[in-house]
Amino acid sequence: MIHRIRLKSAWEAFRRSPDAVLWRRVFHCPTGLGDRTQVWLVLDGERQPHSVRLNDNLLSQGRASRIDRNNVQLRFEIQTQLTPGKNTLELILPTSGQPADEPCSQAGSSPLRVIPLEVYLEIQENDTAE
């Protein structure tokens, strides 16, 4: 069985450059993870991030796969990179040129916002019964 935890809201946004925004979200480690549990970070959307970091570690193993001609999906196995307490996820996304991208301040954080991308943790317990 797969359990999903959506990370849609409570993001901070920081202007990185005229064409990129740093999105940051802190979340607690899911509880009840066993030795056979896999935890995936999944990103679905039209815009592919320039970079993805979890707890200051660059996640470079994910591969983009086209869902359809407009959407891209990235998946990262993150079980070993989660800390027992708080975890910090950072994405640098290109701006879309839409007004929703503009409220970020150059020198500071904006109020908590909804990220323009589907972001979720996917948790799956692997059965080893033979």
# chains A, B, ... in the order shown; residues from 1 in each chain; ligands from 1
$ closest_atom_pairs --of "stretch 7-50 of chain A" --to "stretch 75-94 of chain A" --cutoff "7 Å" --atoms "only C-alpha atoms" --output "JSON lines"
{"residue": "A:Asp19", "atom": "CA", "partner": "A:Pro94", "partner_atom": "CA", "distance": 5.6}
{"residue": "A:Ala20", "atom": "CA", "partner": "A:Pro94", "partner_atom": "CA", "distance": 4.4}
{"residue": "A:Val21", "atom": "CA", "partner": "A:Leu93", "partner_atom": "CA", "distance": 5.4}
{"residue": "A:Leu22", "atom": "CA", "partner": "A:Ile92", "partner_atom": "CA", "distance": 4.4}
{"residue": "A:Trp23", "atom": "CA", "partner": "A:Leu91", "partner_atom": "CA", "distance": 5.1}
{"residue": "A:Arg24", "atom": "CA", "partner": "A:Glu90", "partner_atom": "CA", "distance": 4.5}
{"residue": "A:Arg25", "atom": "CA", "partner": "A:Leu89", "partner_atom": "CA", "distance": 5.3}
{"residue": "A:Val26", "atom": "CA", "partner": "A:Thr88", "partner_atom": "CA", "distance": 4.5}
{"residue": "A:Phe27", "atom": "CA", "partner": "A:Asn87", "partner_atom": "CA", "distance": 5.3}
{"residue": "A:His28", "atom": "CA", "partner": "A:Lys86", "partner_atom": "CA", "distance": 4.5}
{"residue": "A:Cys29", "atom": "CA", "partner": "A:Pro84", "partner_atom": "CA", "distance": 5.8}
{"residue": "A:Gln38", "atom": "CA", "partner": "A:Gln79", "partner_atom": "CA", "distance": 6.1}
{"residue": "A:Val39", "atom": "CA", "partner": "A:Gln79", "partner_atom": "CA", "distance": 5.0}
{"residue": "A:Trp40", "atom": "CA", "partner": "A:Glu77", "partner_atom": "CA", "distance": 4.4}
{"residue": "A:Leu41", "atom": "CA", "partner": "A:Phe76", "partner_atom": "CA", "distance": 5.1}
{"residue": "A:Val42", "atom": "CA", "partner": "A:Arg75", "partner_atom": "CA", "distance": 4.6}
{"residue": "A:Leu43", "atom": "CA", "partner": "A:Arg75", "partner_atom": "CA", "distance": 6.5}
{"residue": "A:Gln48", "atom": "CA", "partner": "A:Leu93", "partner_atom": "CA", "distance": 6.9}
{"residue": "A:Pro49", "atom": "CA", "partner": "A:Leu93", "partner_atom": "CA", "distance": 4.6}
{"residue": "A:His50", "atom": "CA", "partner": "A:Ile92", "partner_atom": "CA", "distance": 5.4}
$ closest_residue --among "A:Tyr120, A:Val114, A:Ser96, A:Asp127" --to "A:Ala10" --atoms "only C-alpha atoms"
A:Val114
$ closest_residue --among "A:Thr95, A:Thr37, A:Gln73, A:Ser17" --to "A:Met1" --atoms "only C-alpha atoms"
A:Thr37
$ closest_residue --among "A:Ala13, A:His3, A:Asp56, A:Gly45" --to "A:Pro116" --atoms "only C-alpha atoms"
A:Gly45
$ closest_residue --among "A:Phe14, A:Glu118, A:Thr31, A:Ile5" --to "A:Arg47" --atoms "only C-alpha atoms"
A:Glu118
$ closest_residue --among "A:Ser9, A:Arg4, A:Arg15, A:Asn57" --to "A:Leu112" --atoms "only C-alpha atoms"
A:Ser9
$ atom_distance --atom1 "atom CA of A:Ser51" --atom2 "atom CA of A:Gln124"
24.9 Å
$ atom_distance --atom1 "atom CA of A:Leu54" --atom2 "atom CA of A:Leu121"
12.3 Å
